[in-house]
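> If it helps, the file is called upload_20.cif and holds mmCIF, C-alpha atoms and all ligand atoms:
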data_start
#
loop_
_atom_site.label_atom_id
_atom_site.label_comp_id
_atom_site.auth_asym_id
_atom_site.auth_seq_id
_atom_site.Cartn_x
_atom_site.Cartn_y
_atom_site.Cartn_z
CA MET A 12 -73.31 -19.79 -13.46
CA LYS A 13 -72.35 -23.44 -13.56
CA ARG A 14 -72.72 -24.93 -17.05
CA PRO A 15 -75.38 -27.68 -17.20
CA ARG A 16 -73.97 -31.06 -18.28
CA ALA A 17 -75.64 -33.98 -20.05
CA LEU A 18 -74.32 -37.39 -21.03
CA THR A 19 -75.59 -39.55 -23.87
CA ILE A 20 -75.00 -43.31 -23.88
CA ALA A 21 -75.88 -44.37 -27.44
CA GLY A 22 -74.81 -45.52 -30.88
CA SER A 23 -72.82 -43.54 -33.44
CA ASP A 24 -74.48 -42.60 -36.75
CA SER A 25 -71.74 -41.95 -39.29
CA GLY A 26 -74.23 -39.85 -41.28
CA GLY A 27 -74.44 -37.40 -38.39
CA GLY A 28 -78.22 -37.18 -38.20
CA ALA A 29 -79.19 -39.57 -35.41
CA GLY A 30 -77.67 -41.28 -32.38
CA ILE A 31 -74.72 -39.76 -30.52
CA GLN A 32 -74.23 -37.08 -33.17
CA ALA A 33 -77.84 -35.84 -32.93
CA ASP A 34 -77.66 -35.88 -29.14
CA LEU A 35 -74.46 -33.81 -28.93
CA LYS A 36 -75.78 -31.26 -31.42
CA THR A 37 -79.03 -30.98 -29.47
CA PHE A 38 -77.23 -30.53 -26.14
CA ALA A 39 -75.04 -27.81 -27.71
CA ALA A 40 -78.09 -26.03 -29.16
CA HIS A 41 -79.51 -25.82 -25.63
CA GLY A 42 -76.33 -24.45 -24.03
CA VAL A 43 -75.66 -27.77 -22.32
CA TYR A 44 -72.18 -29.31 -22.17
CA GLY A 45 -72.39 -32.74 -23.78
CA SER A 46 -70.35 -35.88 -23.17
CA SER A 47 -70.83 -39.22 -24.90
CA VAL A 48 -70.40 -42.93 -24.32
CA ILE A 49 -70.48 -44.92 -27.56
CA THR A 50 -72.19 -48.31 -27.36
CA SER A 51 -72.20 -49.31 -31.04
CA ILE A 52 -70.93 -47.98 -34.32
CA THR A 53 -73.35 -47.88 -37.24
CA ALA A 54 -72.14 -47.48 -40.82
CA GLN A 55 -75.01 -45.33 -41.99
CA ASN A 56 -76.12 -42.52 -44.26
CA THR A 57 -79.45 -40.91 -45.10
CA ILE A 58 -80.47 -43.97 -47.12
CA GLY A 59 -79.77 -46.79 -44.72
CA VAL A 60 -77.56 -48.77 -42.36
CA SER A 61 -74.95 -50.96 -44.06
CA GLY A 62 -73.44 -52.48 -40.93
CA THR A 63 -73.10 -52.18 -37.16
CA GLN A 64 -70.47 -53.19 -34.63
CA ASP A 65 -71.20 -53.32 -30.93
CA ILE A 66 -68.59 -51.95 -28.55
CA ASP A 67 -67.14 -54.26 -25.91
CA PRO A 68 -69.07 -53.90 -22.62
CA GLY A 69 -65.82 -53.43 -20.67
CA ILE A 70 -64.93 -50.26 -22.57
CA ILE A 71 -68.54 -49.01 -22.36
CA SER A 72 -68.31 -49.30 -18.60
CA LEU A 73 -64.93 -47.49 -18.54
CA GLN A 74 -66.32 -44.67 -20.69
CA ILE A 75 -69.22 -44.14 -18.27
CA GLU A 76 -66.90 -44.13 -15.25
CA ALA A 77 -64.42 -41.80 -16.97
CA VAL A 78 -67.14 -39.22 -17.58
CA LEU A 79 -69.00 -39.49 -14.29
CA THR A 80 -65.99 -39.55 -11.94
CA ASP A 81 -64.64 -36.31 -13.43
CA ILE A 82 -67.09 -34.24 -15.45
CA GLY A 83 -70.37 -35.52 -14.00
CA ALA A 84 -73.81 -35.14 -15.54
CA ASP A 85 -76.97 -33.30 -14.48
CA SER A 86 -78.98 -35.65 -16.68
CA ILE A 87 -78.26 -38.75 -18.75
CA LYS A 88 -79.90 -40.20 -21.83
CA THR A 89 -79.65 -43.75 -23.17
CA GLY A 90 -80.27 -44.52 -26.85
CA MET A 91 -79.13 -47.56 -28.86
CA LEU A 92 -78.13 -50.37 -26.45
CA SER A 93 -78.09 -53.18 -28.91
CA ASN A 94 -77.71 -56.40 -26.92
CA PRO A 95 -78.54 -57.76 -23.43
CA ASP A 96 -74.91 -57.58 -22.25
CA ILE A 97 -74.72 -53.88 -23.09
CA VAL A 98 -78.03 -53.15 -21.35
CA ARG A 99 -76.88 -54.97 -18.21
CA THR A 100 -73.47 -53.24 -18.26
CA VAL A 101 -74.99 -49.76 -18.57
CA VAL A 102 -77.46 -50.40 -15.74
CA SER A 103 -74.86 -51.85 -13.36
CA THR A 104 -72.23 -49.18 -14.11
CA LEU A 105 -74.69 -46.32 -13.57
CA LYS A 106 -76.06 -47.78 -10.32
CA PRO A 107 -73.46 -46.40 -7.83
CA PHE A 108 -73.82 -42.91 -9.31
CA GLN A 109 -77.51 -42.78 -8.28
CA ILE A 110 -78.63 -40.89 -11.36
CA LYS A 111 -81.98 -39.19 -10.80
CA LYS A 112 -82.68 -37.77 -14.25
CA LEU A 113 -82.28 -40.72 -16.59
CA VAL A 114 -84.06 -40.43 -19.94
CA VAL A 115 -84.45 -43.84 -21.60
CA ASP A 116 -85.11 -43.80 -25.33
CA PRO A 117 -85.79 -47.49 -26.09
CA VAL A 118 -84.29 -47.44 -29.59
CA MET A 119 -85.20 -50.51 -31.64
CA ILE A 120 -85.28 -49.74 -35.38
CA SER A 121 -83.59 -47.10 -37.57
CA LYS A 122 -85.55 -44.78 -39.84
CA SER A 123 -84.60 -47.02 -42.75
CA GLY A 124 -85.91 -50.15 -40.99
CA HIS A 125 -82.63 -51.63 -39.73
CA SER A 126 -82.82 -53.40 -36.34
CA LEU A 127 -80.77 -51.59 -33.69
CA LEU A 128 -81.79 -53.85 -30.78
CA SER A 129 -81.53 -57.62 -30.84
CA PRO A 130 -84.95 -59.24 -30.23
CA ASN A 131 -83.62 -61.07 -27.18
CA ALA A 132 -82.65 -57.73 -25.60
CA VAL A 133 -86.22 -56.46 -25.24
CA LYS A 134 -86.78 -58.53 -22.08
CA THR A 135 -83.54 -57.20 -20.54
CA VAL A 136 -84.62 -53.64 -21.34
CA VAL A 137 -87.97 -54.26 -19.64
CA ASP A 138 -86.55 -56.05 -16.60
CA GLN A 139 -83.43 -53.97 -15.97
CA LEU A 140 -83.56 -50.60 -17.69
CA LEU A 141 -87.20 -49.45 -17.37
CA PRO A 142 -87.13 -49.44 -13.55
CA CYS A 143 -84.16 -46.99 -13.63
CA ALA A 144 -85.86 -44.48 -15.94
CA PHE A 145 -87.11 -41.07 -14.87
CA VAL A 146 -88.65 -40.69 -18.33
CA LEU A 147 -89.19 -43.41 -20.94
CA THR A 148 -89.66 -42.05 -24.49
CA PRO A 149 -90.90 -44.77 -26.89
CA ASN A 150 -92.38 -44.12 -30.29
CA ILE A 151 -95.44 -46.13 -31.24
CA PRO A 152 -93.70 -49.26 -32.62
CA GLU A 153 -91.45 -49.31 -29.53
CA ALA A 154 -94.39 -48.85 -27.15
CA GLU A 155 -96.15 -51.72 -28.94
CA ALA A 156 -93.08 -53.99 -28.67
CA LEU A 157 -92.65 -53.20 -24.96
CA THR A 158 -96.32 -53.68 -24.01
CA GLY A 159 -97.68 -56.14 -26.58
CA LEU A 160 -100.53 -53.68 -27.26
CA LYS A 161 -101.60 -52.44 -30.70
CA ILE A 162 -101.79 -48.63 -30.80
CA ALA A 163 -104.05 -46.97 -33.36
CA ASP A 164 -104.94 -43.60 -31.84
CA LEU A 165 -104.54 -41.19 -28.91
CA GLU A 166 -106.55 -43.43 -26.58
CA GLY A 167 -104.22 -46.32 -27.45
CA MET A 168 -101.19 -44.13 -26.72
CA LYS A 169 -102.63 -43.23 -23.31
CA THR A 170 -103.36 -46.86 -22.46
CA ALA A 171 -99.81 -47.85 -23.43
CA ALA A 172 -98.31 -44.95 -21.44
CA ARG A 173 -100.21 -46.00 -18.31
CA LEU A 174 -99.16 -49.64 -18.73
CA LEU A 175 -95.52 -48.69 -19.37
CA ALA A 176 -95.51 -46.50 -16.24
CA SER A 177 -96.58 -49.57 -14.22
CA MET A 178 -93.43 -51.35 -15.50
CA GLY A 179 -91.04 -49.11 -13.55
CA PRO A 180 -90.30 -45.72 -15.12
CA ARG A 181 -91.42 -42.65 -13.14
CA SER A 182 -92.96 -41.12 -16.28
CA VAL A 183 -93.60 -41.98 -19.92
CA ILE A 184 -93.76 -39.91 -23.10
CA VAL A 185 -95.26 -41.78 -26.07
CA LYS A 186 -94.27 -40.11 -29.35
CA GLY A 187 -97.10 -40.20 -31.85
CA GLY A 188 -95.19 -39.29 -35.00
CA HIS A 189 -95.96 -42.67 -36.58
CA LEU A 190 -99.73 -42.06 -36.58
CA ARG A 191 -101.42 -40.09 -39.36
CA GLY A 192 -102.68 -36.53 -39.03
CA GLU A 193 -101.45 -34.18 -36.34
CA ALA A 194 -98.17 -34.97 -34.55
CA VAL A 195 -99.47 -35.85 -31.07
CA ASP A 196 -97.25 -36.69 -28.10
CA VAL A 197 -98.47 -37.81 -24.67
CA LEU A 198 -96.80 -37.41 -21.28
CA TYR A 199 -98.04 -39.56 -18.39
CA TRP A 200 -96.68 -38.39 -15.03
CA LYS A 201 -98.03 -38.48 -11.49
CA LYS A 202 -101.18 -40.19 -12.80
CA GLU A 203 -101.97 -37.31 -15.16
CA PHE A 204 -101.76 -36.87 -18.91
CA LEU A 205 -100.39 -33.89 -20.82
CA VAL A 206 -101.10 -34.04 -24.56
CA LEU A 207 -99.24 -31.79 -27.02
CA ARG A 208 -100.25 -31.46 -30.67
CA THR A 209 -98.66 -29.77 -33.66
CA GLY A 210 -99.31 -29.78 -37.36
CA ARG A 211 -97.37 -32.14 -39.59
CA PHE A 212 -94.89 -30.83 -42.14
CA ASN A 213 -94.57 -32.33 -45.56
CA THR A 214 -90.86 -33.25 -45.49
CA LYS A 215 -88.82 -36.43 -45.80
CA ASN A 216 -86.04 -34.94 -43.69
CA THR A 217 -86.94 -36.60 -40.41
CA HIS A 218 -83.88 -38.77 -39.76
CA GLY A 219 -82.97 -38.57 -36.06
CA THR A 220 -86.28 -37.07 -34.95
CA GLY A 221 -86.70 -39.45 -32.00
CA CYS A 222 -83.11 -39.08 -30.79
CA THR A 223 -83.30 -35.31 -31.07
CA PHE A 224 -86.58 -35.04 -29.17
CA SER A 225 -85.36 -37.15 -26.24
CA ALA A 226 -82.01 -35.30 -26.24
CA ALA A 227 -83.91 -32.01 -26.01
CA ILE A 228 -85.85 -33.33 -23.00
CA THR A 229 -82.51 -34.39 -21.46
CA SER A 230 -81.14 -30.87 -22.09
CA TYR A 231 -84.07 -29.17 -20.36
CA LEU A 232 -83.75 -31.54 -17.40
CA ALA A 233 -80.01 -30.76 -17.16
CA ARG A 234 -80.95 -27.08 -16.99
CA GLY A 235 -83.29 -27.74 -14.07
CA SER A 236 -86.67 -27.62 -15.84
CA ASP A 237 -89.51 -29.68 -14.44
CA LEU A 238 -90.82 -32.46 -16.64
CA PRO A 239 -93.89 -30.75 -18.18
CA SER A 240 -91.73 -27.72 -19.07
CA ALA A 241 -89.07 -30.01 -20.56
CA PHE A 242 -91.75 -31.79 -22.60
CA ARG A 243 -93.19 -28.49 -23.91
CA GLY A 244 -89.75 -27.05 -24.66
CA ALA A 245 -88.59 -30.19 -26.47
CA LYS A 246 -91.79 -30.35 -28.53
CA ARG A 247 -91.26 -26.73 -29.60
CA TYR A 248 -87.62 -27.44 -30.48
CA ILE A 249 -88.25 -30.62 -32.52
CA THR A 250 -91.18 -29.03 -34.37
CA SER A 251 -88.99 -26.12 -35.54
CA ALA A 252 -86.09 -28.48 -36.28
CA ILE A 253 -88.35 -30.49 -38.62
CA LYS A 254 -89.89 -27.36 -40.14
CA LYS A 255 -86.44 -25.87 -40.87
CA SER A 256 -84.81 -29.14 -41.98
CA TYR A 257 -82.84 -29.21 -45.19
CA SER A 258 -81.78 -31.93 -47.61
CA ILE A 259 -78.46 -33.67 -47.06
CA GLY A 260 -77.78 -36.87 -48.99
CA LYS A 261 -80.23 -38.78 -51.15
CA GLY A 262 -82.57 -40.23 -48.51
CA HIS A 263 -84.09 -38.99 -45.26
CA GLY A 264 -82.10 -35.87 -44.37
CA PRO A 265 -81.56 -34.81 -40.75
CA VAL A 266 -83.60 -32.31 -38.79
CA ASN A 267 -82.03 -28.88 -38.34
CA HIS A 268 -80.51 -28.92 -34.86
CA PHE A 269 -79.27 -25.34 -35.10
CA HIS A 270 -82.36 -23.61 -36.51
CA ARG A 271 -82.24 -21.13 -33.63
CA PHE A 272 -78.78 -19.97 -34.65
CA ARG A 273 -78.90 -20.02 -38.44
CA ALA A 274 -82.00 -20.96 -40.43
O1 LIG B 301 -83.42 -43.02 -34.15
C1 LIG B 301 -82.91 -44.17 -33.65
C2 LIG B 301 -81.43 -44.30 -33.78
C3 LIG B 301 -80.68 -44.36 -32.65
N1 LIG B 301 -79.33 -44.53 -32.66
C4 LIG B 301 -78.68 -44.64 -33.81
C5 LIG B 301 -79.38 -44.55 -35.00
C6 LIG B 301 -80.79 -44.38 -34.99
C7 LIG B 301 -81.55 -44.29 -36.22
O2 LIG B 301 -81.08 -44.31 -37.31
O3 LIG B 301 -78.71 -44.65 -36.13
C8 LIG B 301 -77.21 -44.83 -33.81
#
Mind turning the file's structure into structure tokens?
Ligand code: PXL

Amino acid sequence: MKRPRALTIAGSDSGGGAGIQADLKTFAAHGVYGSSVITSITAQNTIGVSGTQDIDPGIISLQIEAVLTDIGADSIKTGMLSNPDIVRTVVSTLKPFQIKKLVVDPVMISKSGHSLLSPNAVKTVVDQLLPCAFVLTPNIPEAEALTGLKIADLEGMKTAARLLASMGPRSVIVKGGHLRGEAVDVLYWKKEFLVLRTGRFNTKNTHGTGCTFSAAITSYLARGSDLPSAFRGAKRYITSAIKKSYSIGKGHGPVNHFHRFRA
């Protein structure tokens, strides 16, 4: 059987818990061959981000072309695209490849509160990137920044998902981890909602949760799953990865990407 392939276009987390590193681990855990295009380098650990350096758009574009003209990708995910130039470069370089399964994770702020997207890039993300997305996967603060709405509960998540879908993406998954109580996520696709709920675990090891969840969706799509199945599979995977997380470093440790192999 041909090996499914996924590409992540995102930032590097030196601490290994989020960004490119989380994505590649997640692809590997799903039996998907992973390639990566690095857009920014973050100097980061479990406590915080001490600096970032954006990669030159020219070399971002060359990385994308190098991967797609040889290896190819059955699905692609975007993560940290920190400035308007990078957003525009990624969109224009992907265009001729006519990517159908593009998962857009509109990364804005790190777990520790560091900005990963310049404020003037939000408009470029809305105007240029959202229309290319097959799935858009914001968390609640990101959904609020993209829509201007305030989200306090499941109804608010649904309203935001519907509004976001009208801005271009074919489907939207709003991640409810920032609300209190159960961990509720909402998929809006083909004018219908699918709501998934799980209990919440009492752990501080949640660094990279958002990246990992959207990378798991990307993995399922690479393997040919339909979107509701990808959503269910990714929710199962991230829930176990949080449940089986372990402490690394002094701050927010990573989720356990390989819990299915070795608890
Ligand atoms: O989870 C958002 C995120 C995305 N990309 C990089 C990150 C983080 C969070 O820390 O470091 C590189």
> Work out how far apart CA of Ala29 in chain A and CA of Glu166 in chain A are and give it in Å to one decimal.
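About the pair CA of Ala29 in chain A and CA of Glu166 in chain A: they are 29.0 Å apart.
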> One decimal, Å: what's the distance from CA of Lys202 in chain A over to CA of Leu238 in chain A, could you say?
13.5 Å
> Applying 6 Å and all atoms listed in the file, which residues near range 242-249 of chain A remain after dropping the ones on its own chain fewer than 6 positions away? List them as a PyMOL selection string.
chain A and resi 224+227-228
> Kindly list the centre and edge lengths in Å, rounded to one decimal, for the axis-aligned box that covers all listed atoms of ligand LIG 301 (chain B) plus 5 Å on each of its six sides, as JSON.

{"center_x": -80.3, "center_y": -43.9, "center_z": -35.0, "size_x": 16.2, "size_y": 11.8, "size_z": 14.7}
> Tell me, in Å to one decimal, how far CA of Ala54 in chain A is from CA of Asn267 in chain A.
21.2 Å
> Skipping near chain neighbours, those fewer than 2 positions away, what residues fall within 10 Å of Leu198 in chain A using only C-alpha atoms, listed as a PyMOL selection string?
chain A and resi 146-148+168-169+172-173+182-186+196+200-207+238-239+242-243
> Under the rule that only C-alpha atoms and all ligand atoms are counted, which of A:Ile58, A:Ile120, A:Met178, A:Ile110 is the nearest residue to ligand LIG 301 (chain B)?
A:Ile120
> Sorted by chain and rising residue number, list the residues of chain A at most 7 Å from ligand LIG 301 (chain B) (counting all atoms listed in the file), each with its closest atom pair and distance in Å to one decimal, as JSON lines.

{"residue": "A:Ala21", "atom": "CA", "partner": "B:LIG301", "partner_atom": "N1", "distance": 6.3}
{"residue": "A:Gly22", "atom": "CA", "partner": "B:LIG301", "partner_atom": "C8", "distance": 3.8}
{"residue": "A:Ser23", "atom": "CA", "partner": "B:LIG301", "partner_atom": "C8", "distance": 4.6}
{"residue": "A:Asp24", "atom": "CA", "partner": "B:LIG301", "partner_atom": "C8", "distance": 4.6}
{"residue": "A:Ala29", "atom": "CA", "partner": "B:LIG301", "partner_atom": "C5", "distance": 5.0}
{"residue": "A:Gly30", "atom": "CA", "partner": "B:LIG301", "partner_atom": "N1", "distance": 3.7}
{"residue": "A:Ile31", "atom": "CA", "partner": "B:LIG301", "partner_atom": "C8", "distance": 6.5}
{"residue": "A:Thr53", "atom": "CA", "partner": "B:LIG301", "partner_atom": "C8", "distance": 6.0}
{"residue": "A:Gln55", "atom": "CA", "partner": "B:LIG301", "partner_atom": "O3", "distance": 7.0}
{"residue": "A:Gly90", "atom": "CA", "partner": "B:LIG301", "partner_atom": "C3", "distance": 5.8}
{"residue": "A:Met91", "atom": "CA", "partner": "B:LIG301", "partner_atom": "N1", "distance": 4.9}
{"residue": "A:Val118", "atom": "CA", "partner": "B:LIG301", "partner_atom": "C1", "distance": 5.4}
{"residue": "A:Ile120", "atom": "CA", "partner": "B:LIG301", "partner_atom": "C1", "distance": 6.3}
{"residue": "A:Ser121", "atom": "CA", "partner": "B:LIG301", "partner_atom": "C7", "distance": 3.7}
{"residue": "A:Lys122", "atom": "CA", "partner": "B:LIG301", "partner_atom": "O2", "distance": 5.2}
{"residue": "A:His218", "atom": "CA", "partner": "B:LIG301", "partner_atom": "O2", "distance": 6.7}
{"residue": "A:Gly219", "atom": "CA", "partner": "B:LIG301", "partner_atom": "O1", "distance": 4.9}
{"residue": "A:Thr220", "atom": "CA", "partner": "B:LIG301", "partner_atom": "O1", "distance": 6.6}
{"residue": "A:Gly221", "atom": "CA", "partner": "B:LIG301", "partner_atom": "O1", "distance": 5.3}
{"residue": "A:Cys222", "atom": "CA", "partner": "B:LIG301", "partner_atom": "O1", "distance": 5.2}
